[in-house]
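Chemist: Next comes query_10.txt, compact mmCIF, C-alpha atoms:
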```txt
# COMPACT_ATOMS: atom_id res chain seq x y z
CA MET Y 1 44.60 27.43 10.56
CA PRO Y 2 44.97 27.59 14.34
CA ARG Y 3 44.89 24.46 16.47
CA LYS Y 4 43.05 24.44 19.77
CA SER Y 5 42.32 21.95 22.50
CA PHE Y 6 38.57 21.78 21.94
CA THR Y 7 36.42 21.81 25.05
CA ALA Y 8 32.68 22.31 25.32
CA GLN Y 9 33.24 25.66 27.04
CA TRP Y 10 35.74 26.87 24.41
CA VAL Y 11 33.40 25.93 21.56
CA GLU Y 12 30.54 27.82 23.22
CA ASN Y 13 32.60 30.94 23.86
CA VAL Y 14 34.78 31.20 20.76
CA ALA Y 15 34.01 34.56 19.15
CA SER Y 16 33.61 35.44 15.50
CA THR Y 17 35.87 37.90 13.72
CA ASP Y 18 35.63 39.90 10.52
CA ARG Y 19 36.84 36.88 8.58
CA ARG Y 20 36.07 33.18 8.45
CA ILE Y 21 38.40 31.04 10.61
CA ASP Y 22 38.85 27.26 10.65
CA TYR Y 23 40.06 25.82 13.96
CA PHE Y 24 41.42 22.28 14.33
CA ASP Y 25 41.22 20.06 17.39
CA GLN Y 26 44.56 19.09 18.90
CA LYS Y 27 43.05 15.98 20.52
CA LEU Y 28 41.33 14.38 17.53
CA PRO Y 29 43.04 14.64 14.12
CA GLY Y 30 40.78 15.86 11.32
CA LEU Y 31 38.07 17.45 13.49
CA GLY Y 32 37.54 21.12 12.69
CA LEU Y 33 35.25 24.00 13.60
CA ARG Y 34 34.56 26.84 11.14
CA VAL Y 35 33.48 30.15 12.67
CA SER Y 36 31.99 32.60 10.17
CA PRO Y 37 31.86 36.40 10.56
CA SER Y 38 28.11 36.08 11.21
CA GLY Y 39 28.84 33.86 14.22
CA VAL Y 40 27.68 30.59 12.66
CA LYS Y 41 29.77 27.64 13.88
CA SER Y 42 30.01 24.54 11.64
CA TRP Y 43 31.78 21.25 12.28
CA PHE Y 44 33.82 19.54 9.55
CA TYR Y 45 36.16 16.59 9.09
CA MET Y 46 39.37 16.73 7.02
CA TYR Y 47 40.94 13.48 5.85
CA ARG Y 48 42.99 11.98 3.03
CA PRO Y 49 41.13 9.23 1.12
CA LYS Y 50 43.16 6.12 0.36
CA GLY Y 51 45.08 6.45 -2.88
CA ASN Y 52 44.42 10.19 -3.11
CA SER Y 53 47.11 12.83 -2.69
CA ARG Y 54 44.63 15.59 -1.86
CA LYS Y 55 42.68 15.94 1.33
CA ALA Y 56 38.89 15.80 1.37
CA ARG Y 57 36.54 17.83 3.49
CA MET Y 58 33.23 16.61 4.91
CA THR Y 59 30.67 18.86 6.64
CA LEU Y 60 29.27 17.33 9.82
CA GLY Y 61 26.66 19.88 10.92
CA ARG Y 62 26.24 23.08 12.90
CA TYR Y 63 26.85 23.86 16.54
CA PRO Y 64 24.90 23.74 18.88
CA ALA Y 65 22.64 21.25 17.08
CA PHE Y 66 25.67 18.93 17.14
CA SER Y 67 27.73 19.05 20.32
CA LEU Y 68 31.47 18.48 20.64
CA ALA Y 69 30.83 14.99 22.02
CA ASP Y 70 28.53 14.20 19.06
CA VAL Y 71 31.02 15.17 16.39
CA ARG Y 72 33.95 13.45 18.12
CA ASP Y 73 31.99 10.19 17.95
CA THR Y 74 31.21 10.87 14.30
CA VAL Y 75 34.83 11.66 13.42
CA ARG Y 76 36.06 8.48 15.11
CA GLU Y 77 33.55 6.50 13.03
CA LYS Y 78 34.60 8.26 9.81
CA SER Y 79 38.29 7.80 10.61
CA LEU Y 80 37.74 4.08 10.95
CA MET Y 81 36.06 4.06 7.53
CA VAL Y 82 39.04 5.87 6.02
CA ALA Y 83 41.45 3.39 7.63
CA ARG Y 84 39.50 0.56 5.99
CA GLY Y 85 39.78 2.18 2.56
CA SER Y 86 36.37 3.87 2.33
CA ASP Y 87 35.66 7.48 1.43
CA PRO Y 88 32.98 8.72 3.86
CA ALA Y 89 32.21 11.88 1.85
CA GLU Y 90 31.66 9.85 -1.32
CA GLU Y 91 29.47 7.39 0.54
CA GLN Y 92 27.46 10.29 1.94
CA ARG Y 93 27.01 11.73 -1.57
CA GLU Y 94 25.76 8.35 -2.80
CA LYS Y 95 23.40 8.11 0.15
CA ASN Y 96 22.03 11.59 -0.58
CA LEU Y 97 21.28 10.46 -4.13
CA ALA Y 98 19.64 7.22 -2.97
CA PRO Y 99 15.84 7.16 -3.37
CA THR Y 100 13.50 7.83 -0.50
CA PHE Y 101 10.93 5.19 0.32
CA ALA Y 102 8.28 7.35 -1.36
CA GLU Y 103 10.37 7.42 -4.55
CA LEU Y 104 10.92 3.66 -4.45
CA ALA Y 105 7.20 3.03 -3.92
CA GLU Y 106 6.20 5.36 -6.76
CA ALA Y 107 8.67 3.72 -9.13
CA PHE Y 108 7.43 0.26 -8.16
CA ILE Y 109 3.78 1.18 -8.79
CA GLU Y 110 4.42 3.00 -12.07
CA LEU Y 111 7.09 0.78 -13.62
CA TYR Y 112 6.12 -2.65 -12.30
CA ALA Y 113 2.75 -2.97 -10.56
CA LYS Y 114 0.64 -1.17 -13.18
CA GLU Y 115 2.08 -3.35 -15.91
CA HIS Y 116 2.23 -6.72 -14.17
CA LYS Y 117 -0.38 -6.70 -11.37
CA ARG Y 118 -4.13 -6.39 -11.81
CA SER Y 119 -4.27 -5.59 -8.11
CA TRP Y 120 -2.02 -2.55 -8.50
CA ARG Y 121 -4.72 -0.20 -7.22
CA GLU Y 122 -4.83 -2.16 -3.96
CA ASP Y 123 -1.02 -1.95 -3.79
CA ARG Y 124 -1.26 1.81 -4.24
CA ARG Y 125 -3.91 2.02 -1.52
CA VAL Y 126 -1.72 0.11 0.96
CA VAL Y 127 1.26 2.31 0.08
CA ARG Y 128 -0.75 5.47 0.68
CA THR Y 129 -2.59 4.23 3.77
CA ASP Y 130 0.10 2.40 5.74
CA LEU Y 131 3.56 2.79 4.22
CA LEU Y 132 3.99 6.43 3.25
CA PRO Y 133 2.74 7.85 6.57
CA ALA Y 134 5.45 5.82 8.29
CA TRP Y 135 8.39 6.00 5.89
CA ALA Y 136 7.77 8.47 3.05
CA ASN Y 137 10.80 10.74 3.52
CA ARG Y 138 13.24 8.15 4.84
CA LYS Y 139 15.85 6.68 2.54
CA ALA Y 140 14.53 3.37 1.27
CA GLN Y 141 17.85 1.67 2.03
CA ASP Y 142 17.60 2.80 5.68
CA ILE Y 143 14.36 0.90 6.41
CA THR Y 144 15.25 -1.98 8.74
CA ARG Y 145 13.70 -5.29 9.73
CA ARG Y 146 12.74 -3.68 13.03
CA ASP Y 147 10.88 -0.94 11.11
CA VAL Y 148 8.95 -3.52 9.08
CA ILE Y 149 8.06 -5.56 12.17
CA ALA Y 150 6.86 -2.43 14.01
CA LEU Y 151 4.64 -1.45 11.11
CA LEU Y 152 3.16 -4.96 10.81
CA ASP Y 153 2.52 -5.02 14.55
CA LYS Y 154 0.57 -1.78 14.19
CA ILE Y 155 -1.62 -3.29 11.46
CA VAL Y 156 -2.19 -6.45 13.53
CA LYS Y 157 -3.13 -4.31 16.53
CA ARG Y 158 -6.05 -2.81 14.63
CA GLY Y 159 -7.36 -6.33 14.00
CA ALA Y 160 -6.16 -6.82 10.42
CA ARG Y 161 -3.80 -9.81 10.58
CA ILE Y 162 -4.45 -10.93 7.01
CA GLN Y 163 -3.92 -7.38 5.76
CA ALA Y 164 -0.61 -7.42 7.62
CA ASN Y 165 0.34 -10.52 5.62
CA ARG Y 166 -0.55 -8.76 2.37
CA THR Y 167 1.44 -5.68 3.41
CA LEU Y 168 4.51 -7.78 4.21
CA ALA Y 169 4.25 -9.47 0.80
CA LEU Y 170 4.01 -6.07 -0.90
CA ILE Y 171 7.04 -4.63 0.91
CA ARG Y 172 9.05 -7.78 0.15
CA LYS Y 173 8.11 -7.62 -3.54
CA MET Y 174 8.87 -3.90 -3.72
CA TYR Y 175 12.36 -4.34 -2.29
CA ASN Y 176 13.16 -7.37 -4.43
CA TRP Y 177 12.19 -5.30 -7.45
CA GLY Y 178 14.28 -2.40 -6.13
CA ILE Y 179 17.33 -4.66 -5.73
CA GLY Y 180 16.95 -5.77 -9.34
CA ARG Y 181 16.91 -2.12 -10.44
CA ASP Y 182 19.91 -1.25 -8.21
CA LEU Y 183 17.78 1.17 -6.18
CA VAL Y 184 18.37 -0.54 -2.81
CA PRO Y 185 21.11 -2.94 -1.70
CA THR Y 186 19.10 -5.26 0.59
CA ASN Y 187 15.59 -6.35 1.50
CA PRO Y 188 14.49 -5.56 5.09
CA CYS Y 189 11.85 -8.33 4.98
CA VAL Y 190 14.40 -11.16 5.12
CA GLN Y 191 13.32 -13.87 7.60
CA ILE Y 192 10.20 -11.99 8.70
CA SER Y 193 7.32 -14.42 9.04
CA ALA Y 194 3.76 -13.54 8.07
CA PRO Y 195 2.07 -12.27 11.25
CA GLY Y 196 -1.34 -13.81 10.54
CA LYS Y 197 -2.22 -17.46 10.12
CA GLU Y 198 -4.32 -17.84 6.99
CA ASN Y 199 -6.97 -20.49 6.99
CA GLN Y 200 -9.43 -21.00 4.19
CA ARG Y 201 -12.65 -19.46 5.49
CA ASP Y 202 -15.90 -21.38 5.30
CA ARG Y 203 -18.04 -18.62 6.81
CA VAL Y 204 -21.51 -18.53 5.28
CA LEU Y 205 -23.88 -15.92 6.68
CA THR Y 206 -27.18 -17.02 8.15
CA GLU Y 207 -30.37 -15.32 7.03
CA ALA Y 208 -30.50 -13.42 10.34
CA GLU Y 209 -26.92 -12.21 9.79
CA MET Y 210 -27.74 -11.13 6.24
CA ARG Y 211 -30.65 -9.06 7.55
CA ALA Y 212 -28.40 -7.48 10.18
CA LEU Y 213 -25.77 -6.68 7.55
CA TRP Y 214 -28.31 -5.26 5.12
CA ALA Y 215 -29.55 -2.94 7.86
CA ALA Y 216 -25.93 -1.98 8.62
CA PHE Y 217 -25.35 -1.28 4.91
CA ASP Y 218 -28.29 1.15 4.93
CA LYS Y 219 -26.54 3.21 7.62
CA GLN Y 220 -23.58 3.91 5.33
CA SER Y 221 -23.42 6.58 2.64
CA PRO Y 222 -25.70 5.87 -0.38
CA LEU Y 223 -22.75 4.94 -2.59
CA MET Y 224 -21.13 2.67 -0.02
CA ALA Y 225 -24.43 1.02 0.88
CA ALA Y 226 -25.11 0.27 -2.79
CA MET Y 227 -21.60 -1.05 -3.34
CA LEU Y 228 -21.81 -3.48 -0.42
CA LYS Y 229 -25.29 -4.66 -1.39
CA LEU Y 230 -24.20 -5.32 -4.98
CA ARG Y 231 -21.35 -7.49 -3.73
CA LEU Y 232 -23.92 -9.73 -2.07
CA VAL Y 233 -26.53 -9.56 -4.86
CA THR Y 234 -24.17 -10.17 -7.81
CA ALA Y 235 -21.59 -12.41 -6.04
CA GLN Y 236 -18.78 -10.54 -7.79
CA ARG Y 237 -15.35 -9.67 -6.40
CA GLY Y 238 -14.97 -6.52 -4.34
CA GLY Y 239 -12.44 -4.87 -6.63
CA GLU Y 240 -14.61 -5.53 -9.66
CA VAL Y 241 -17.67 -3.97 -8.02
CA CYS Y 242 -15.64 -0.95 -6.86
CA SER Y 243 -14.38 -0.34 -10.41
CA MET Y 244 -17.80 -0.68 -12.11
CA ALA Y 245 -18.05 1.87 -14.93
CA TRP Y 246 -21.29 3.21 -16.40
CA LEU Y 247 -19.99 2.44 -19.88
CA ASP Y 248 -20.02 -1.27 -18.95
CA VAL Y 249 -23.56 -1.26 -17.52
CA ASP Y 250 -26.59 -1.89 -19.76
CA ILE Y 251 -29.51 -0.89 -17.56
CA GLU Y 252 -32.12 -1.41 -20.28
CA ASN Y 253 -31.21 -5.04 -20.94
CA GLY Y 254 -29.90 -5.86 -17.46
CA TRP Y 255 -26.22 -6.63 -18.10
CA TRP Y 256 -22.90 -5.64 -16.60
CA LEU Y 257 -19.71 -6.38 -18.54
CA ILE Y 258 -16.52 -6.64 -16.48
CA PRO Y 259 -13.71 -5.99 -19.00
CA ALA Y 260 -10.64 -8.21 -18.95
CA GLU Y 261 -8.38 -5.42 -17.69
CA ARG Y 262 -10.49 -5.02 -14.56
CA ALA Y 263 -11.24 -8.69 -13.95
CA LYS Y 264 -8.97 -10.33 -11.38
CA ASN Y 265 -8.30 -13.36 -13.58
CA GLY Y 266 -7.95 -11.32 -16.79
CA LEU Y 267 -11.07 -12.83 -18.38
CA ALA Y 268 -13.92 -10.56 -19.52
CA HIS Y 269 -17.14 -11.49 -17.73
CA ARG Y 270 -20.85 -10.79 -18.38
CA VAL Y 271 -22.92 -10.49 -15.23
CA PRO Y 272 -26.74 -10.58 -15.51
CA LEU Y 273 -28.35 -7.87 -13.39
CA SER Y 274 -31.41 -9.04 -11.50
CA GLY Y 275 -34.32 -6.76 -10.72
CA LEU Y 276 -32.89 -6.29 -7.22
CA ALA Y 277 -29.49 -5.33 -8.63
CA LEU Y 278 -31.08 -2.85 -11.04
CA SER Y 279 -33.11 -1.27 -8.22
CA ILE Y 280 -29.86 -0.71 -6.28
CA LEU Y 281 -28.14 0.81 -9.31
CA ALA Y 282 -31.01 3.05 -10.44
CA PRO Y 283 -30.50 5.92 -7.93
CA LEU Y 284 -26.73 6.01 -8.41
CA ARG Y 285 -26.75 7.73 -11.81
CA GLU Y 286 -27.97 10.95 -10.24
CA ILE Y 287 -25.33 10.70 -7.49
CA SER Y 288 -22.36 10.02 -9.79
CA GLY Y 289 -23.53 12.51 -12.42
CA GLU Y 290 -21.42 12.56 -15.56
CA ARG Y 291 -18.49 10.80 -13.96
CA GLU Y 292 -17.14 7.59 -15.47
CA TRP Y 293 -17.43 5.40 -12.39
CA VAL Y 294 -20.57 4.11 -10.74
CA PHE Y 295 -18.84 4.58 -7.37
CA PRO Y 296 -16.67 7.69 -7.90
CA SER Y 297 -14.21 8.68 -5.22
CA PRO Y 298 -15.12 11.80 -3.23
CA VAL Y 299 -11.55 12.94 -3.85
CA ARG Y 300 -11.41 14.93 -7.08
CA ASN Y 301 -9.75 13.08 -9.99
CA ALA Y 302 -9.05 10.05 -7.78
CA GLY Y 303 -11.06 7.57 -9.89
CA TYR Y 304 -13.37 5.22 -8.05
CA ILE Y 305 -13.72 4.33 -4.37
CA ALA Y 306 -11.04 1.71 -3.71
CA ASN Y 307 -10.69 1.68 0.06
CA VAL Y 308 -13.68 0.07 1.80
CA GLN Y 309 -11.93 -1.13 4.95
CA LYS Y 310 -13.25 1.67 7.16
CA ALA Y 311 -16.76 0.99 5.90
CA ALA Y 312 -16.28 -2.71 6.68
CA GLU Y 313 -15.26 -1.82 10.24
CA ARG Y 314 -18.36 0.34 10.66
CA VAL Y 315 -20.58 -2.43 9.30
CA ARG Y 316 -19.08 -4.98 11.68
CA LYS Y 317 -19.81 -2.69 14.60
CA GLU Y 318 -23.34 -1.88 13.41
CA ALA Y 319 -24.22 -5.52 12.69
CA GLY Y 320 -22.76 -6.70 15.98
CA PHE Y 321 -20.43 -9.51 14.90
CA ASP Y 322 -16.66 -9.17 14.68
CA ASP Y 323 -15.76 -12.21 12.55
CA PHE Y 324 -17.33 -10.85 9.35
CA VAL Y 325 -15.12 -10.00 6.37
CA LEU Y 326 -16.33 -8.58 3.07
CA HIS Y 327 -15.40 -11.69 1.09
CA ASP Y 328 -18.02 -13.57 3.13
CA LEU Y 329 -20.62 -11.85 0.91
CA ARG Y 330 -19.41 -13.60 -2.24
CA ARG Y 331 -19.04 -16.96 -0.51
CA THR Y 332 -22.50 -16.64 1.02
CA ALA Y 333 -24.12 -15.84 -2.33
CA ALA Y 334 -22.43 -18.83 -3.99
CA SER Y 335 -23.37 -21.19 -1.18
CA TYR Y 336 -27.03 -20.14 -1.12
CA MET Y 337 -27.35 -20.46 -4.90
CA THR Y 338 -26.09 -24.04 -4.66
CA SER Y 339 -28.55 -24.74 -1.85
CA LEU Y 340 -31.35 -23.32 -4.03
CA GLY Y 341 -30.64 -25.88 -6.73
CA VAL Y 342 -28.20 -24.02 -8.95
CA SER Y 343 -25.52 -26.33 -10.33
CA ARG Y 344 -21.93 -25.85 -9.22
CA LEU Y 345 -20.92 -25.30 -12.85
CA VAL Y 346 -23.30 -22.36 -13.23
CA VAL Y 347 -22.20 -20.92 -9.89
CA SER Y 348 -18.61 -21.21 -11.08
CA LYS Y 349 -19.56 -19.30 -14.24
CA ILE Y 350 -21.20 -16.57 -12.17
CA LEU Y 351 -18.06 -16.30 -10.01
CA ASN Y 352 -15.89 -16.16 -13.17
CA HIS Y 353 -13.63 -18.92 -11.92
CA VAL Y 354 -11.04 -20.29 -14.34
CA GLU Y 355 -11.76 -23.90 -15.26
CA PRO Y 356 -8.84 -26.36 -15.14
CA GLY Y 357 -7.92 -28.64 -18.03
CA VAL Y 358 -8.64 -28.41 -21.74
CA THR Y 359 -12.43 -28.27 -21.42
CA ARG Y 360 -12.40 -24.51 -20.99
CA VAL Y 361 -10.56 -24.16 -24.31
CA TYR Y 362 -13.35 -25.86 -26.28
CA ASP Y 363 -16.43 -24.91 -24.24
CA ARG Y 364 -17.30 -21.43 -25.55
CA TYR Y 365 -20.94 -21.51 -24.44
CA SER Y 366 -21.68 -18.33 -22.50
CA TYR Y 367 -24.13 -19.78 -19.92
CA ASP Y 368 -25.82 -16.36 -19.96
CA LYS Y 369 -29.33 -17.85 -19.68
CA GLU Y 370 -28.37 -20.10 -16.76
CA LYS Y 371 -26.50 -17.31 -14.99
CA ARG Y 372 -29.50 -14.99 -15.23
CA GLN Y 373 -31.87 -17.63 -13.91
CA ALA Y 374 -29.55 -18.38 -11.01
CA LEU Y 375 -29.06 -14.73 -10.01
CA ASP Y 376 -32.82 -14.10 -10.29
CA VAL Y 377 -33.46 -17.03 -7.94
CA TRP Y 378 -30.84 -15.68 -5.53
CA ALA Y 379 -32.30 -12.15 -5.69
CA LYS Y 380 -35.80 -13.46 -4.96
CA HIS Y 381 -34.48 -15.40 -1.97
CA LEU Y 382 -32.68 -12.29 -0.68
CA GLU Y 383 -35.78 -10.15 -1.02
CA GLU Y 384 -37.84 -12.71 0.87
CA CYS Y 385 -35.15 -12.89 3.54
CA MET Y 386 -35.10 -9.10 3.99
CA ALA Y 387 -38.89 -8.98 4.16
CA SER Y 388 -39.20 -11.64 6.86
```
Kindly present the structure from the file in structure tokens form.
Modeler:
Amino acid sequence: MPRKSFTAQWVENVASTDRRIDYFDQKLPGLGLRVSPSGVKSWFYMYRPKGNSRKARMTLGRYPAFSLADVRDTVREKSLMVARGSDPAEEQREKNLAPTFAELAEAFIELYAKEHKRSWREDRRVVRTDLLPAWANRKAQDITRRDVIALLDKIVKRGARIQANRTLALIRKMYNWGIGRDLVPTNPCVQISAPGKENQRDRVLTEAEMRALWAAFDKQSPLMAAMLKLRLVTAQRGGEVCSMAWLDVDIENGWWLIPAERAKNGLAHRVPLSGLALSILAPLREISGEREWVFPSPVRNAGYIANVQKAAERVRKEAGFDDFVLHDLRRTAASYMTSLGVSRLVVSKILNHVEPGVTRVYDRYSYDKEKRQALDVWAKHLEECMAS
């Protein structure tokens, strides 16, 4: 194994022979260059791990992708690791086996979120929309605080500060779970503050704003327009409307059952369907065909439409006011029903809020009659509003 004083010019000009030759650098112990008969030149590092009588070999990359200056810096770094008792080749093998961010995210969704979080579909949407495009093939343990901050800044820049907060919470939860499963050593979200200030919104749409929104809804696709209208007409949560299944809808008798597994609070909920709600639903059967969901995803075998953020952005632009968020529809419906004389208790039942205290344990009355009357009153008011 010949020793040479490596220079950039020598490395470039060294010729191949009919056999493979390993050259060693006289200036930097352990640095080697292998020249194969085909002319391929590969850098390597030879060292003796602490407590081991045999030398170890570590491949560093090919020339010219890695220059002489590059590999000298690398060898100095690896030599320092060896001096401190580490085995750089073993650490590299462990790093190669470490999960990518995509693998960590998939494991989190499948093994934790689906079992413990009713909002797991939203988690999956955020992973697919914002996280995987940025980090999919990177090692999960290599994601840094700077990476997280840059990604959150990008979300804030598109005007979604609260979504940035939710994304930070998801990444933090994912890494904490990963630490518990020994998939990652640290959490890159440490000491990162939520980028958006969250204030409880009290936004209630005026009748003029509702008319503008309704007109903006009509400019969306038929499925999206119907979905957005039903959120206002039924006062139900967005995720529950998105995941409406035909099996749970009784058109003939005017009922929609939200099963416990798809209700945010885990409580099954019967929603009376007003005449207005039924008129919105009626054309959708022909659109969705034999598929399970009322609002099936256009992507084959992808379930129902779960991502409505782009539609919300289009609606904001069409309606002409920027401070609208989709949850304003539910709040507006509840507020108007109260103003129309519906009791807060009945409104609470329509919203499927969990009652505090022991009363909810003993009060098993369904309030179906009162809920239907209230939603009929609200539908009539909406129809009059749209007609004016």
Chemist: Kindly give the distance, in Å, that separates CA of Ile171 (chain Y) and CA of Pro296 (chain Y), rounded to a single decimal.
Modeler: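 Interatomic distance here is 28.1 Å.
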Chemist: Would you compute the distance between CA of Leu132 (chain Y) and CA of Ala263 (chain Y)? Give it in Å to one decimal.
Modeler: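 Calculated distance between CA of Leu132 (chain Y) and CA of Ala263 (chain Y) is 27.5 Å.
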Chemist: Between CA of Tyr45 (chain Y) and CA of Tyr23 (chain Y), what is the distance, to one decimal in Å?
Modeler: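 Distance reported for this atom pair: 11.1 Å.
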Chemist: Excluding Arg20 (chain Y) and residues on its chain fewer than 5 positions from it, collect all residues at most 9 Å away from it, counting all atoms listed in the file, and give them as a PyMOL selection string.
Modeler: chain Y and resi 34-38
Chemist: Using only C-alpha atoms, can you tell me which of Y:Thr338, Y:Ser86, Y:Thr7, Y:Asn52 comes closest to Phe24 (chain Y)?
Modeler: Y:Thr7
Chemist: So, counting all atoms listed in the file, which residue among Y:Phe324, Y:Trp246, Y:Trp256, Y:Trp177 is closest to Glu286 (chain Y)?
Modeler: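 Comparing Y:Phe324, Y:Trp246, Y:Trp256, Y:Trp177 against Glu286 (chain Y), the winner is Y:Trp246.
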Chemist: From the options Y:Ile21, Y:Leu273, Y:Ala302, Y:Val315, which residue's atoms come nearest to Arg372 (chain Y), counting all atoms listed in the file?
Modeler: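 Nearest to Arg372 (chain Y): Y:Leu273.
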Chemist: Within 9 Å of Met58 (chain Y), counting all atoms listed in the file, which residues qualify if same-chain residues fewer than 2 places away don't, as a list in words?
Modeler: Trp43, Phe44, Tyr45, Met46, Tyr47, Ala56, Leu60, Pro88 and Ala89 of chain Y
